[in-house]
Amino acid sequence: VQLQAFGGGLVQAGGSLRLSCAASGGSFSTYTVGWFRQNSRKDREFVAAIRVGGGSTPYSDSVKGRFTISRDNAKNMVYLQMNYLKPEDTAVYYCAARVGRLITSQAMGVSSYDYWGQGTLVTVSS
């Protein structure tokens, strides 16, 4: 499956953005999809994941209550709605996918995913 992340941009602190991850070449409904982010000062870190068949959606503590992940299997799309953005949210955001349902600890791990999109830059100004 090929992934393409888009929707990044420049936004002021307190604003919102919605990132999209489009999949082609496979049935997205059978994949767990995660969002990760990376800036120049940190390793790639987990943001949120959405699993096959629904259930709980894990979030990192830093975004919990502000970000919401969702999916539209009919459109082969996964979204990350980001509200109340902070300057520390500035990063390149990547979507990633792996076939099947992952347990929470797996869904939060960079190494758990087989497919990655190219990343989209989010810049939050103070």
# chains A, B, ... in the order shown; residues from 1 in each chain; ligands from 1
>>> residues_around(residues="segment 5-10 of chain A", least_positions_apart="5", cutoff="8 Å", atoms="only C-alpha atoms", output="short mmCIF file (atom, residue, chain, number, x, y, z; two decimals) with N, CA and C atoms, in the first residue's frame")
data_model
loop_
_atom_site.label_atom_id
_atom_site.label_comp_id
_atom_site.auth_asym_id
_atom_site.auth_seq_id
_atom_site.Cartn_x
_atom_site.Cartn_y
_atom_site.Cartn_z
N LEU A 17 -5.80 22.43 12.45
CA LEU A 17 -5.51 21.87 11.13
C LEU A 17 -6.05 20.46 11.09
N ARG A 18 -6.38 20.01 9.89
CA ARG A 18 -6.73 18.61 9.72
C ARG A 18 -5.78 17.98 8.73
N LEU A 19 -5.08 16.98 9.17
CA LEU A 19 -4.19 16.22 8.29
C LEU A 19 -4.96 15.04 7.72
N SER A 20 -4.60 14.68 6.51
CA SER A 20 -5.21 13.54 5.85
C SER A 20 -4.13 12.56 5.41
N CYS A 21 -4.47 11.30 5.45
CA CYS A 21 -3.59 10.24 4.96
C CYS A 21 -4.39 9.43 3.95
N ALA A 22 -3.95 9.46 2.71
CA ALA A 22 -4.64 8.73 1.65
C ALA A 22 -3.87 7.47 1.31
N TYR A 93 4.76 15.58 10.12
CA TYR A 93 3.83 14.53 10.54
C TYR A 93 3.77 13.45 9.46
N TYR A 94 3.88 12.22 9.92
CA TYR A 94 3.87 11.06 9.04
C TYR A 94 2.71 10.14 9.39
N CYS A 95 2.09 9.56 8.36
CA CYS A 95 1.17 8.47 8.62
C CYS A 95 1.85 7.16 8.25
N GLY A 117 4.07 7.18 4.81
CA GLY A 117 3.91 8.26 3.87
C GLY A 117 5.12 9.19 3.91
N GLN A 118 5.10 10.21 3.08
CA GLN A 118 6.27 11.08 2.93
C GLN A 118 6.34 12.19 3.96
N GLY A 119 5.29 12.43 4.70
CA GLY A 119 5.32 13.47 5.71
C GLY A 119 4.76 14.79 5.22
N THR A 120 4.15 15.51 6.14
CA THR A 120 3.63 16.84 5.84
C THR A 120 4.01 17.76 7.00
N LEU A 121 4.49 18.94 6.68
CA LEU A 121 5.03 19.85 7.69
C LEU A 121 3.93 20.68 8.33
N VAL A 122 3.92 20.68 9.64
CA VAL A 122 3.03 21.54 10.42
C VAL A 122 3.90 22.52 11.20
N THR A 123 3.62 23.79 11.02
CA THR A 123 4.35 24.83 11.74
C THR A 123 3.36 25.67 12.52
N VAL A 124 3.58 25.75 13.83
CA VAL A 124 2.69 26.51 14.70
C VAL A 124 3.47 27.70 15.23
N SER A 125 3.00 28.88 14.91
CA SER A 125 3.68 30.09 15.36
C SER A 125 3.09 30.59 16.68
#
>>> residues_around(residues="segment 42-44 of chain A", least_positions_apart="3", cutoff="12 Å", atoms="only C-alpha atoms", output="mmCIF file with all heavy atoms, in the first residue's frame")
data_model
loop_
_atom_site.group_PDB
_atom_site.id
_atom_site.type_symbol
_atom_site.label_atom_id
_atom_site.label_comp_id
_atom_site.auth_asym_id
_atom_site.auth_seq_id
_atom_site.Cartn_x
_atom_site.Cartn_y
_atom_site.Cartn_z
ATOM 1 N N TRP A 35 -0.300 7.915 13.296
ATOM 2 C CA TRP A 35 0.329 9.199 12.985
ATOM 3 C C TRP A 35 1.526 9.363 13.917
ATOM 4 O O TRP A 35 1.419 9.111 15.126
ATOM 5 C CB TRP A 35 -0.643 10.355 13.192
ATOM 6 C CG TRP A 35 -1.640 10.524 12.108
ATOM 7 C CD1 TRP A 35 -2.932 10.082 12.102
ATOM 8 C CD2 TRP A 35 -1.442 11.189 10.855
ATOM 9 N NE1 TRP A 35 -3.549 10.430 10.924
ATOM 10 C CE2 TRP A 35 -2.663 11.120 10.140
ATOM 11 C CE3 TRP A 35 -0.367 11.847 10.269
ATOM 12 C CZ2 TRP A 35 -2.822 11.673 8.876
ATOM 13 C CZ3 TRP A 35 -0.526 12.400 9.012
ATOM 14 C CH2 TRP A 35 -1.739 12.311 8.327
ATOM 15 N N PHE A 36 2.625 9.792 13.345
ATOM 16 C CA PHE A 36 3.842 10.072 14.087
ATOM 17 C C PHE A 36 4.333 11.448 13.678
ATOM 18 O O PHE A 36 3.913 11.989 12.657
ATOM 19 C CB PHE A 36 4.911 9.017 13.778
ATOM 20 C CG PHE A 36 4.567 7.640 14.276
ATOM 21 C CD1 PHE A 36 3.684 6.831 13.578
ATOM 22 C CD2 PHE A 36 5.127 7.149 15.440
ATOM 23 C CE1 PHE A 36 3.356 5.564 14.036
ATOM 24 C CE2 PHE A 36 4.817 5.888 15.910
ATOM 25 C CZ PHE A 36 3.926 5.099 15.210
ATOM 26 N N ARG A 37 5.236 12.011 14.475
ATOM 27 C CA ARG A 37 5.798 13.305 14.108
ATOM 28 C C ARG A 37 7.268 13.353 14.490
ATOM 29 O O ARG A 37 7.723 12.619 15.378
ATOM 30 C CB ARG A 37 5.034 14.447 14.777
ATOM 31 C CG ARG A 37 5.143 14.483 16.288
ATOM 32 C CD ARG A 37 4.204 15.565 16.840
ATOM 33 N NE ARG A 37 4.314 15.678 18.300
ATOM 34 C CZ ARG A 37 3.542 16.473 19.034
ATOM 35 N NH1 ARG A 37 2.609 17.221 18.451
ATOM 36 N NH2 ARG A 37 3.705 16.529 20.344
ATOM 37 N N GLN A 38 7.973 14.223 13.807
ATOM 38 C CA GLN A 38 9.408 14.364 14.067
ATOM 39 C C GLN A 38 9.830 15.792 13.810
ATOM 40 O O GLN A 38 9.489 16.372 12.783
ATOM 41 C CB GLN A 38 10.200 13.414 13.174
ATOM 42 C CG GLN A 38 11.679 13.375 13.468
ATOM 43 C CD GLN A 38 12.383 12.249 12.729
ATOM 44 O OE1 GLN A 38 11.872 11.708 11.748
ATOM 45 N NE2 GLN A 38 13.555 11.855 13.210
ATOM 46 N N ASN A 39 10.580 16.353 14.767
ATOM 47 C CA ASN A 39 11.215 17.639 14.517
ATOM 48 C C ASN A 39 12.712 17.466 14.644
ATOM 49 O O ASN A 39 13.212 16.382 14.911
ATOM 50 C CB ASN A 39 10.656 18.714 15.442
ATOM 51 C CG ASN A 39 10.896 18.434 16.913
ATOM 52 O OD1 ASN A 39 11.913 17.845 17.285
ATOM 53 N ND2 ASN A 39 9.961 18.842 17.750
ATOM 54 N N VAL A 47 1.959 9.804 17.850
ATOM 55 C CA VAL A 47 0.930 10.797 18.102
ATOM 56 C C VAL A 47 -0.409 10.120 18.391
ATOM 57 O O VAL A 47 -1.022 10.337 19.424
ATOM 58 C CB VAL A 47 0.783 11.763 16.903
ATOM 59 C CG1 VAL A 47 -0.377 12.721 17.128
ATOM 60 C CG2 VAL A 47 2.081 12.526 16.677
ATOM 61 N N GLU A 88 4.965 23.777 20.235
ATOM 62 C CA GLU A 88 5.682 22.509 20.381
ATOM 63 C C GLU A 88 5.095 21.388 19.521
ATOM 64 O O GLU A 88 5.672 20.298 19.453
ATOM 65 C CB GLU A 88 5.744 22.071 21.850
ATOM 66 C CG GLU A 88 4.418 22.070 22.561
ATOM 67 C CD GLU A 88 4.199 23.349 23.355
ATOM 68 O OE1 GLU A 88 4.484 24.446 22.834
ATOM 69 O OE2 GLU A 88 3.701 23.228 24.504
ATOM 70 N N ASP A 89 3.952 21.644 18.877
ATOM 71 C CA ASP A 89 3.414 20.671 17.927
ATOM 72 C C ASP A 89 4.085 20.778 16.556
ATOM 73 O O ASP A 89 3.832 19.953 15.671
ATOM 74 C CB ASP A 89 1.910 20.866 17.751
ATOM 75 C CG ASP A 89 1.121 20.561 19.019
ATOM 76 O OD1 ASP A 89 1.449 19.571 19.695
ATOM 77 O OD2 ASP A 89 0.185 21.330 19.322
ATOM 78 N N THR A 90 4.918 21.785 16.378
ATOM 79 C CA THR A 90 5.617 21.967 15.113
ATOM 80 C C THR A 90 6.491 20.757 14.809
ATOM 81 O O THR A 90 7.325 20.356 15.626
ATOM 82 C CB THR A 90 6.480 23.227 15.155
ATOM 83 O OG1 THR A 90 5.628 24.373 15.257
ATOM 84 C CG2 THR A 90 7.334 23.357 13.904
ATOM 85 N N ALA A 91 6.268 20.162 13.633
ATOM 86 C CA ALA A 91 6.998 18.948 13.262
ATOM 87 C C ALA A 91 6.553 18.521 11.863
ATOM 88 O O ALA A 91 5.570 19.041 11.327
ATOM 89 C CB ALA A 91 6.716 17.811 14.243
ATOM 90 N N VAL A 92 7.273 17.570 11.313
ATOM 91 C CA VAL A 92 6.796 16.854 10.135
ATOM 92 C C VAL A 92 5.962 15.683 10.629
ATOM 93 O O VAL A 92 6.424 14.908 11.469
ATOM 94 C CB VAL A 92 7.960 16.359 9.263
ATOM 95 C CG1 VAL A 92 7.428 15.545 8.081
ATOM 96 C CG2 VAL A 92 8.797 17.532 8.773
ATOM 97 N N TYR A 93 4.763 15.579 10.121
ATOM 98 C CA TYR A 93 3.832 14.529 10.540
ATOM 99 C C TYR A 93 3.771 13.445 9.459
ATOM 100 O O TYR A 93 3.627 13.749 8.267
ATOM 101 C CB TYR A 93 2.444 15.112 10.774
ATOM 102 C CG TYR A 93 2.346 15.872 12.070
ATOM 103 C CD1 TYR A 93 2.981 17.095 12.224
ATOM 104 C CD2 TYR A 93 1.644 15.355 13.154
ATOM 105 C CE1 TYR A 93 2.917 17.792 13.427
ATOM 106 C CE2 TYR A 93 1.564 16.043 14.356
ATOM 107 C CZ TYR A 93 2.209 17.263 14.480
ATOM 108 O OH TYR A 93 2.142 17.939 15.678
ATOM 109 N N TYR A 94 3.877 12.218 9.920
ATOM 110 C CA TYR A 94 3.866 11.058 9.036
ATOM 111 C C TYR A 94 2.708 10.140 9.386
ATOM 112 O O TYR A 94 2.414 9.929 10.559
ATOM 113 C CB TYR A 94 5.160 10.256 9.179
ATOM 114 C CG TYR A 94 6.420 11.001 8.864
ATOM 115 C CD1 TYR A 94 7.084 11.738 9.837
ATOM 116 C CD2 TYR A 94 6.969 10.952 7.584
ATOM 117 C CE1 TYR A 94 8.252 12.413 9.560
ATOM 118 C CE2 TYR A 94 8.146 11.631 7.286
ATOM 119 C CZ TYR A 94 8.773 12.358 8.276
ATOM 120 O OH TYR A 94 9.935 13.019 7.986
ATOM 121 N N CYS A 95 2.091 9.563 8.357
ATOM 122 C CA CYS A 95 1.169 8.469 8.622
ATOM 123 C C CYS A 95 1.849 7.160 8.253
ATOM 124 O O CYS A 95 2.727 7.119 7.390
ATOM 125 C CB CYS A 95 -0.145 8.648 7.878
ATOM 126 S SG CYS A 95 -0.048 8.707 6.078
ATOM 127 N N ALA A 96 1.446 6.130 8.943
ATOM 128 C CA ALA A 96 2.055 4.813 8.763
ATOM 129 C C ALA A 96 0.982 3.749 8.880
ATOM 130 O O ALA A 96 -0.043 3.969 9.535
ATOM 131 C CB ALA A 96 3.148 4.594 9.805
ATOM 132 N N MET A 108 1.779 2.004 19.166
ATOM 133 C CA MET A 108 2.537 3.198 19.530
ATOM 134 C C MET A 108 4.005 3.131 19.105
ATOM 135 O O MET A 108 4.750 4.095 19.303
ATOM 136 C CB MET A 108 2.442 3.424 21.042
ATOM 137 C CG MET A 108 1.021 3.664 21.522
ATOM 138 S SD MET A 108 0.888 3.746 23.317
ATOM 139 C CE MET A 108 1.726 5.276 23.646
ATOM 140 N N GLY A 109 4.405 2.037 18.513
ATOM 141 C CA GLY A 109 5.810 1.857 18.190
ATOM 142 C C GLY A 109 6.152 2.129 16.740
ATOM 143 O O GLY A 109 5.504 1.606 15.832
ATOM 144 N N VAL A 110 7.176 2.934 16.522
ATOM 145 C CA VAL A 110 7.616 3.256 15.159
ATOM 146 C C VAL A 110 7.942 1.990 14.385
ATOM 147 O O VAL A 110 7.591 1.847 13.217
ATOM 148 C CB VAL A 110 8.842 4.186 15.198
ATOM 149 C CG1 VAL A 110 9.449 4.348 13.813
ATOM 150 C CG2 VAL A 110 8.466 5.549 15.769
ATOM 151 N N SER A 111 8.585 1.040 15.033
ATOM 152 C CA SER A 111 9.047 -0.154 14.339
ATOM 153 C C SER A 111 7.932 -1.125 14.000
ATOM 154 O O SER A 111 8.162 -2.113 13.303
ATOM 155 C CB SER A 111 10.107 -0.868 15.185
ATOM 156 O OG SER A 111 9.555 -1.261 16.426
ATOM 157 N N GLY A 119 5.294 12.428 4.699
ATOM 158 C CA GLY A 119 5.315 13.468 5.711
ATOM 159 C C GLY A 119 4.762 14.791 5.220
ATOM 160 O O GLY A 119 4.881 15.138 4.042
#
>>> residues_around(residues="segment 49-62 of chain A", least_positions_apart="5", cutoff="8 Å", atoms="only C-alpha atoms", output="PyMOL selection string")
chain A and resi 29-35+69-71+100-102+104+107-108
>>> write_last_selection(atoms="N, CA and C atoms", output="mmCIF file, in the first residue's frame")
data_model
loop_
_atom_site.group_PDB
_atom_site.id
_atom_site.type_symbol
_atom_site.label_atom_id
_atom_site.label_comp_id
_atom_site.auth_asym_id
_atom_site.auth_seq_id
_atom_site.Cartn_x
_atom_site.Cartn_y
_atom_site.Cartn_z
ATOM 1 N N SER A 29 -9.127 -0.686 5.135
ATOM 2 C CA SER A 29 -9.916 -1.120 6.286
ATOM 3 C C SER A 29 -9.242 -2.239 7.065
ATOM 4 N N THR A 30 -8.283 -2.901 6.473
ATOM 5 C CA THR A 30 -7.602 -4.010 7.146
ATOM 6 C C THR A 30 -6.287 -3.591 7.795
ATOM 7 N N TYR A 31 -6.009 -2.281 7.810
ATOM 8 C CA TYR A 31 -4.761 -1.771 8.341
ATOM 9 C C TYR A 31 -4.975 -0.988 9.635
ATOM 10 N N THR A 32 -4.071 -1.156 10.559
ATOM 11 C CA THR A 32 -3.939 -0.196 11.648
ATOM 12 C C THR A 32 -3.116 0.974 11.100
ATOM 13 N N VAL A 33 -3.569 2.190 11.375
ATOM 14 C CA VAL A 33 -2.891 3.380 10.861
ATOM 15 C C VAL A 33 -2.476 4.268 12.025
ATOM 16 N N GLY A 34 -1.251 4.701 11.990
ATOM 17 C CA GLY A 34 -0.739 5.579 13.032
ATOM 18 C C GLY A 34 -0.260 6.893 12.460
ATOM 19 N N TRP A 35 -0.300 7.915 13.296
ATOM 20 C CA TRP A 35 0.329 9.199 12.985
ATOM 21 C C TRP A 35 1.526 9.363 13.917
ATOM 22 N N ILE A 69 -8.143 11.277 15.963
ATOM 23 C CA ILE A 69 -7.894 10.476 14.769
ATOM 24 C C ILE A 69 -9.185 9.793 14.347
ATOM 25 N N SER A 70 -9.403 9.700 13.056
ATOM 26 C CA SER A 70 -10.598 9.037 12.540
ATOM 27 C C SER A 70 -10.277 8.424 11.187
ATOM 28 N N ARG A 71 -11.184 7.586 10.711
ATOM 29 C CA ARG A 71 -10.939 6.951 9.414
ATOM 30 C C ARG A 71 -12.234 6.854 8.621
ATOM 31 N N GLY A 100 -3.605 -5.527 9.842
ATOM 32 C CA GLY A 100 -4.077 -6.193 11.040
ATOM 33 C C GLY A 100 -4.268 -5.267 12.221
ATOM 34 N N ARG A 101 -4.768 -5.867 13.271
ATOM 35 C CA ARG A 101 -5.057 -5.111 14.492
ATOM 36 C C ARG A 101 -3.879 -5.241 15.446
ATOM 37 N N LEU A 102 -3.362 -4.111 15.889
ATOM 38 C CA LEU A 102 -2.230 -4.099 16.806
ATOM 39 C C LEU A 102 -2.707 -3.837 18.220
ATOM 40 N N THR A 104 -2.140 -2.037 21.879
ATOM 41 C CA THR A 104 -1.789 -0.645 22.105
ATOM 42 C C THR A 104 -0.286 -0.411 22.056
ATOM 43 N N ALA A 107 0.863 -0.483 18.548
ATOM 44 C CA ALA A 107 0.354 0.639 17.753
ATOM 45 C C ALA A 107 1.137 1.920 18.023
ATOM 46 N N MET A 108 1.779 2.004 19.166
ATOM 47 C CA MET A 108 2.537 3.198 19.530
ATOM 48 C C MET A 108 4.005 3.131 19.105
#
>>> residues_around(residues="Tyr84 of chain A", least_positions_apart="2", cutoff="10 Å", atoms="only C-alpha atoms", output="PDB file with N, CA, C and O atoms, in the first residue's frame")
ATOM      1  N   GLN A  12      -1.383  29.693  13.528  1.00  0.00           N
ATOM      2  CA  GLN A  12      -1.059  30.348  14.789  1.00  0.00           C
ATOM      3  C   GLN A  12      -1.412  29.448  15.963  1.00  0.00           C
ATOM      4  O   GLN A  12      -2.305  28.584  15.860  1.00  0.00           O
ATOM      5  N   ALA A  13      -0.729  29.655  17.061  1.00  0.00           N
ATOM      6  CA  ALA A  13      -1.035  28.914  18.275  1.00  0.00           C
ATOM      7  C   ALA A  13      -2.509  29.083  18.624  1.00  0.00           C
ATOM      8  O   ALA A  13      -3.061  30.187  18.521  1.00  0.00           O
ATOM      9  N   GLY A  14      -3.124  27.987  19.017  1.00  0.00           N
ATOM     10  CA  GLY A  14      -4.552  27.984  19.317  1.00  0.00           C
ATOM     11  C   GLY A  14      -5.428  27.615  18.131  1.00  0.00           C
ATOM     12  O   GLY A  14      -6.628  27.375  18.303  1.00  0.00           O
ATOM     13  N   GLY A  15      -4.829  27.567  16.965  1.00  0.00           N
ATOM     14  CA  GLY A  15      -5.589  27.246  15.766  1.00  0.00           C
ATOM     15  C   GLY A  15      -5.730  25.760  15.532  1.00  0.00           C
ATOM     16  O   GLY A  15      -5.333  24.928  16.363  1.00  0.00           O
ATOM     17  N   SER A  16      -6.292  25.423  14.371  1.00  0.00           N
ATOM     18  CA  SER A  16      -6.585  24.023  14.040  1.00  0.00           C
ATOM     19  C   SER A  16      -6.106  23.695  12.638  1.00  0.00           C
ATOM     20  O   SER A  16      -6.022  24.569  11.764  1.00  0.00           O
ATOM     21  N   LEU A  17      -5.800  22.434  12.446  1.00  0.00           N
ATOM     22  CA  LEU A  17      -5.506  21.874  11.130  1.00  0.00           C
ATOM     23  C   LEU A  17      -6.048  20.464  11.085  1.00  0.00           C
ATOM     24  O   LEU A  17      -6.141  19.794  12.125  1.00  0.00           O
ATOM     25  N   VAL A  63      -0.846  15.113  23.213  1.00  0.00           N
ATOM     26  CA  VAL A  63      -1.906  15.565  22.301  1.00  0.00           C
ATOM     27  C   VAL A  63      -3.292  15.142  22.769  1.00  0.00           C
ATOM     28  O   VAL A  63      -4.296  15.567  22.174  1.00  0.00           O
ATOM     29  N   GLY A  65      -6.803  14.913  24.131  1.00  0.00           N
ATOM     30  CA  GLY A  65      -7.775  15.961  24.387  1.00  0.00           C
ATOM     31  C   GLY A  65      -7.753  17.083  23.366  1.00  0.00           C
ATOM     32  O   GLY A  65      -8.668  17.904  23.319  1.00  0.00           O
ATOM     33  N   ARG A  66      -6.718  17.126  22.533  1.00  0.00           N
ATOM     34  CA  ARG A  66      -6.611  18.171  21.506  1.00  0.00           C
ATOM     35  C   ARG A  66      -6.693  17.594  20.100  1.00  0.00           C
ATOM     36  O   ARG A  66      -7.202  18.250  19.193  1.00  0.00           O
ATOM     37  N   PHE A  67      -6.179  16.393  19.910  1.00  0.00           N
ATOM     38  CA  PHE A  67      -6.156  15.767  18.591  1.00  0.00           C
ATOM     39  C   PHE A  67      -7.168  14.625  18.558  1.00  0.00           C
ATOM     40  O   PHE A  67      -7.387  13.938  19.562  1.00  0.00           O
ATOM     41  N   MET A  82      -6.455  18.334  14.457  1.00  0.00           N
ATOM     42  CA  MET A  82      -5.586  18.912  15.475  1.00  0.00           C
ATOM     43  C   MET A  82      -6.146  20.267  15.892  1.00  0.00           C
ATOM     44  O   MET A  82      -6.234  21.184  15.066  1.00  0.00           O
ATOM     45  N   LYS A  86      -0.160  24.074  19.560  1.00  0.00           N
ATOM     46  CA  LYS A  86       0.872  24.761  20.320  1.00  0.00           C
ATOM     47  C   LYS A  86       2.158  24.804  19.497  1.00  0.00           C
ATOM     48  O   LYS A  86       2.361  23.938  18.637  1.00  0.00           O
ATOM     49  N   ASP A  89       3.952  21.644  18.877  1.00  0.00           N
ATOM     50  CA  ASP A  89       3.414  20.671  17.927  1.00  0.00           C
ATOM     51  C   ASP A  89       4.085  20.778  16.556  1.00  0.00           C
ATOM     52  O   ASP A  89       3.832  19.953  15.671  1.00  0.00           O
TER      53      ASP A  89
END
>>> select_by_dssp(residues="chain A", states="alpha helix (DSSP H)", output="list of chain:residue names")
A:Thr104, A:Ser105, A:Gln106, A:Ala107
>>> closest_residue(among="A:Tyr79, A:Val1, A:Ser40, A:Ser112", to="Phe28 of chain A", atoms="only C-alpha atoms")
A:Val1
>>> atom_distance(atom1="atom CA of Lys64 of chain A", atom2="atom CA of Gln4 of chain A")
24.0 Å
>>> select_by_dssp(residues="chain A", states="strand (DSSP E or B)", output="ChimeraX atom specification")
/A:2-6,9-12,17-24,31-38,45-50,59,67-72,77-82,91-99,115-116,120-125
>>> atom_distance(atom1="atom CA of Ala23 of chain A", atom2="atom CA of Arg41 of chain A")
28.9 Å
>>> atom_distance(atom1="atom CA of Trp116 of chain A", atom2="atom CA of Ile103 of chain A")
19.0 Å
>>> closest_residue(among="A:Gln106, A:Ser27, A:Val11, A:Ser126", to="Asn76 of chain A", atoms="only C-alpha atoms")
A:Ser27
